[in-house]
Amino acid sequence: MKIVVIGGTGLIGSRLVSTLRSKGHEVLPASPDSGVNTITGEGVDAALAGAQVVVDVSNSPSFDDAAVLKFFETSSTNLLAAEHRAGVRHHVILSIVGTDRVPQSGYLRAKLAQENLIKQSGMPYSILRSTQFFEFIARIAQSGANGSSVRVSGAMFQPILSCDVVAALADITVGAPLNGTVEVGGPEQFRMADLVRRVLRANGDQREVIPDSHARYFGAELDDASLVAGPGARLGSVRFEQWLQDNAPQRPAS
Ligand SMILES: NC(=O)c1ccc[n+]([C@@H]2O[C@H](COP(=O)([O-])OP(=O)(O)OC[C@H]3O[C@@H](n4cnc5c(N)ncnc54)[C@H](OP(=O)(O)O)[C@@H]3O)[C@@H](O)[C@H]2O)c1
C-alpha cells in the first residue's frame, strides 16, 4: 500500500513515516522541503500518483487567526482535489479534541474548517482528534509569557506523548476509512498552569506561572471540559512524569 504523509517531516509526520515503514508499507513523506507544497499545489499530483492513502499532518507556519484558517482551507481544498484526480481511497487527518467546543480560538476554528471540508468532499475519510502533545506545553508557556511571568489557563487538559498519537494514527491509516471521528488523549488530566510550571522548572526557568481563568488559549477562554477527551477515547500509555524524566535537560554534575 502506498501512503503519502503530507507534513512527513514534522513532529508527528516523521514518526508516522517510520512507524508505517516498519510495518512494511511504501511511504512517501511530503513537504515543501521535498518539493511538495499543498498551498501552491507544487509537486502534489506527482506525489499522489499510485497512492491509496493520504495522511495530512501538515501544520500552518503561522498561528495568526487569518493565516491559519487560510492555510487549512487552501491546503485541504488543493489536496482533496488532487486526491480525487489520483484515485486515492482514504484521507486521514489529525485534528484536535475540542475543535467544536472552542469557537473563540482561531486555531481551533481553522481545524474545524479543515474537518468540514473533508466531510463534504465525498472522499472516504478518518479524523483522529488528539489532545495536546507533551511537546506542545512549551509553546503554551510561550504564548502566555509576559516579562518575568507566564499567565495561562488553569483549566483541565489531558496531554499525550506524540508517539502515542502516532500509534493511534498508524492503526487508523492502515484500516478501513471510518467516515467519522475518533479521539485519543493522554492517560491523565492536569491543570494547564501546573504542567506549564513543571515544564519550565525542569528546564531551569524560574518565571512565575499564574493560573488565570481569563487567560486565553490561542484566543479562547477555557473551561474544564474544553480540551478533555470524551469517554470513548483511546488513551496513550506514557505518563507525563515519565516523559519529563526522559527529556530532562542534561545538567553538569555539581
Ligand atoms: N500540537 C498539538 O498539541 C496538536 C494536538 C492535536 C493535533 N495537532 C495537529 O497535528 C498536526 C501535526 O502537528 P505537528 O506538531 O507534527 O506539526 P509540525 O511539527 O509543525 O510539522 C508541520 C509539517 O507541515 C509541513 N508543511 C508546512 N507547510 C506545508 C505546505 N504548504 N505543504 C505541505 N506541507 C507543509 C511542514 O513541512 P516543512 O518542515 O518542510 O516546513 C512539516 O512537515 C497539525 O495539523 C496539528 O493541528 C497538534
# chains A, B, ... in the order shown; residues from 1 in each chain; ligands from 1

call {"tool": "residues_near_ligand", "arguments": {"ligand": "ligand 1", "cutoff": "8 Å", "atoms": "only C-alpha atoms and all ligand atoms", "output": "count of residues only"}}
result
43

call {"tool": "residues_around", "arguments": {"residues": "range 68-70 of chain A", "least_positions_apart": "6", "cutoff": "7 Å", "atoms": "only C-alpha atoms", "output": "ChimeraX atom specification"}}
result
/A:60,62,107,110

call {"tool": "atom_distance", "arguments": {"atom1": "CA of Lys23 in chain A", "atom2": "CA of Glu183 in chain A"}}
result
22.8 Å

call {"tool": "select_by_dssp", "arguments": {"residues": "range 36-170 of chain A", "states": "alpha helix (DSSP H)", "output": "VMD selection string"}}
result
chain A and resid 44 to 48 65 to 86 106 to 119 137 to 143 162 to 170

call {"tool": "closest_residue", "arguments": {"among": "A:Leu16, A:Val152, A:Val166, A:Ala113", "to": "Leu128 in chain A", "atoms": "only C-alpha atoms"}}
result
A:Val166

call {"tool": "atom_distance", "arguments": {"atom1": "CA of Val54 in chain A", "atom2": "CA of Ala66 in chain A"}}
result
25.7 Å

call {"tool": "atom_distance", "arguments": {"atom1": "CA of Leu112 in chain A", "atom2": "CA of Asp65 in chain A"}}
result
12.9 Å

call {"tool": "residues_around", "arguments": {"residues": "range 190-201 of chain A", "least_positions_apart": "5", "cutoff": "12 Å", "atoms": "only C-alpha atoms", "output": "MDAnalysis selection string"}}
result
chainID A and resid 132 134:145 149:160 206:213 215:217 222:228 239:241 243:245 247:249

call {"tool": "closest_residue", "arguments": {"among": "A:Gly204, A:Gly43, A:Gly50, A:Pro124", "to": "Asn179 in chain A", "atoms": "only C-alpha atoms"}}
result
A:Pro124

call {"tool": "decode", "arguments": {"residues": "range 162-191 of chain A", "atoms": "N, CA, C and O atoms", "output": "short mmCIF file (atom, residue, chain, number, x, y, z; two decimals), in the first residue's frame"}}
result
data_model
loop_
_atom_site.label_atom_id
_atom_site.label_comp_id
_atom_site.auth_asym_id
_atom_site.auth_seq_id
_atom_site.Cartn_x
_atom_site.Cartn_y
_atom_site.Cartn_z
N SER A 162 3.61 12.37 21.86
CA SER A 162 3.43 12.33 20.40
C SER A 162 3.48 10.90 19.86
O SER A 162 2.74 10.54 18.94
N CYS A 163 4.34 10.05 20.45
CA CYS A 163 4.46 8.67 19.95
C CYS A 163 3.17 7.88 20.17
O CYS A 163 2.84 6.99 19.38
N ASP A 164 2.44 8.19 21.25
CA ASP A 164 1.15 7.53 21.47
C ASP A 164 0.13 7.99 20.42
O ASP A 164 -0.72 7.21 19.98
N VAL A 165 0.20 9.26 20.04
CA VAL A 165 -0.68 9.76 18.96
C VAL A 165 -0.35 9.04 17.66
O VAL A 165 -1.24 8.59 16.92
N VAL A 166 0.94 8.90 17.39
CA VAL A 166 1.38 8.26 16.15
C VAL A 166 0.90 6.80 16.09
O VAL A 166 0.46 6.33 15.04
N ALA A 167 0.95 6.10 17.22
CA ALA A 167 0.49 4.71 17.22
C ALA A 167 -0.99 4.63 16.85
O ALA A 167 -1.40 3.78 16.05
N ALA A 168 -1.79 5.54 17.39
CA ALA A 168 -3.23 5.55 17.07
C ALA A 168 -3.44 5.92 15.60
O ALA A 168 -4.26 5.32 14.90
N LEU A 169 -2.66 6.90 15.15
CA LEU A 169 -2.81 7.36 13.76
C LEU A 169 -2.40 6.28 12.77
O LEU A 169 -3.03 6.09 11.72
N ALA A 170 -1.36 5.55 13.10
CA ALA A 170 -0.89 4.47 12.21
C ALA A 170 -1.96 3.38 12.09
O ALA A 170 -2.22 2.88 10.99
N ASP A 171 -2.59 3.02 13.20
CA ASP A 171 -3.65 2.00 13.15
C ASP A 171 -4.79 2.46 12.25
O ASP A 171 -5.32 1.67 11.45
N ILE A 172 -5.16 3.72 12.36
CA ILE A 172 -6.27 4.24 11.54
C ILE A 172 -5.87 4.29 10.07
O ILE A 172 -6.64 3.95 9.18
N THR A 173 -4.63 4.68 9.82
CA THR A 173 -4.15 4.83 8.44
C THR A 173 -4.22 3.51 7.67
O THR A 173 -4.55 3.50 6.49
N VAL A 174 -3.90 2.42 8.31
CA VAL A 174 -3.89 1.14 7.60
C VAL A 174 -5.24 0.41 7.69
O VAL A 174 -5.40 -0.67 7.13
N GLY A 175 -6.21 1.01 8.37
CA GLY A 175 -7.53 0.40 8.48
C GLY A 175 -8.48 0.94 7.42
O GLY A 175 -8.10 1.78 6.58
N ALA A 176 -9.71 0.47 7.45
CA ALA A 176 -10.73 0.97 6.54
C ALA A 176 -11.15 2.38 6.97
O ALA A 176 -11.10 2.69 8.17
N PRO A 177 -11.55 3.22 6.02
CA PRO A 177 -11.99 4.58 6.41
C PRO A 177 -13.12 4.51 7.43
O PRO A 177 -14.05 3.71 7.29
N LEU A 178 -13.04 5.37 8.45
CA LEU A 178 -14.07 5.39 9.48
C LEU A 178 -15.29 6.19 9.03
O LEU A 178 -16.39 5.99 9.53
N ASN A 179 -15.04 7.12 8.07
CA ASN A 179 -16.06 8.12 7.73
C ASN A 179 -16.65 8.69 9.01
O ASN A 179 -17.87 8.83 9.16
N GLY A 180 -15.79 9.00 9.93
CA GLY A 180 -16.19 9.52 11.23
C GLY A 180 -14.96 10.01 11.98
O GLY A 180 -13.85 10.05 11.45
N THR A 181 -15.19 10.34 13.25
CA THR A 181 -14.17 10.97 14.09
C THR A 181 -13.96 10.16 15.35
O THR A 181 -14.94 9.75 15.99
N VAL A 182 -12.71 9.91 15.70
CA VAL A 182 -12.41 9.26 16.97
C VAL A 182 -11.38 10.11 17.71
O VAL A 182 -10.73 10.97 17.11
N GLU A 183 -11.24 9.84 19.01
CA GLU A 183 -10.36 10.67 19.84
C GLU A 183 -9.25 9.83 20.47
O GLU A 183 -9.43 8.64 20.76
N VAL A 184 -8.13 10.51 20.72
CA VAL A 184 -7.06 9.92 21.52
C VAL A 184 -6.60 10.99 22.52
O VAL A 184 -6.55 12.17 22.19
N GLY A 185 -6.32 10.55 23.74
CA GLY A 185 -5.90 11.51 24.76
C GLY A 185 -4.85 10.90 25.67
O GLY A 185 -4.61 9.68 25.65
N GLY A 186 -4.25 11.72 26.51
CA GLY A 186 -3.26 11.23 27.45
C GLY A 186 -3.89 10.42 28.57
O GLY A 186 -5.11 10.46 28.75
N PRO A 187 -3.06 9.69 29.33
CA PRO A 187 -3.61 8.82 30.37
C PRO A 187 -4.06 9.56 31.63
O PRO A 187 -4.69 8.96 32.50
N GLU A 188 -3.70 10.86 31.76
CA GLU A 188 -4.04 11.61 32.98
C GLU A 188 -4.51 13.02 32.61
O GLU A 188 -4.13 13.54 31.56
N GLN A 189 -5.25 13.63 33.54
CA GLN A 189 -5.65 15.03 33.35
C GLN A 189 -4.93 15.90 34.38
O GLN A 189 -4.69 15.47 35.50
N PHE A 190 -4.62 17.11 33.95
CA PHE A 190 -3.90 18.07 34.81
C PHE A 190 -4.49 19.46 34.61
O PHE A 190 -5.11 19.74 33.59
N ARG A 191 -4.17 20.35 35.56
CA ARG A 191 -4.44 21.77 35.32
C ARG A 191 -3.30 22.32 34.45
O ARG A 191 -2.12 22.06 34.71
#
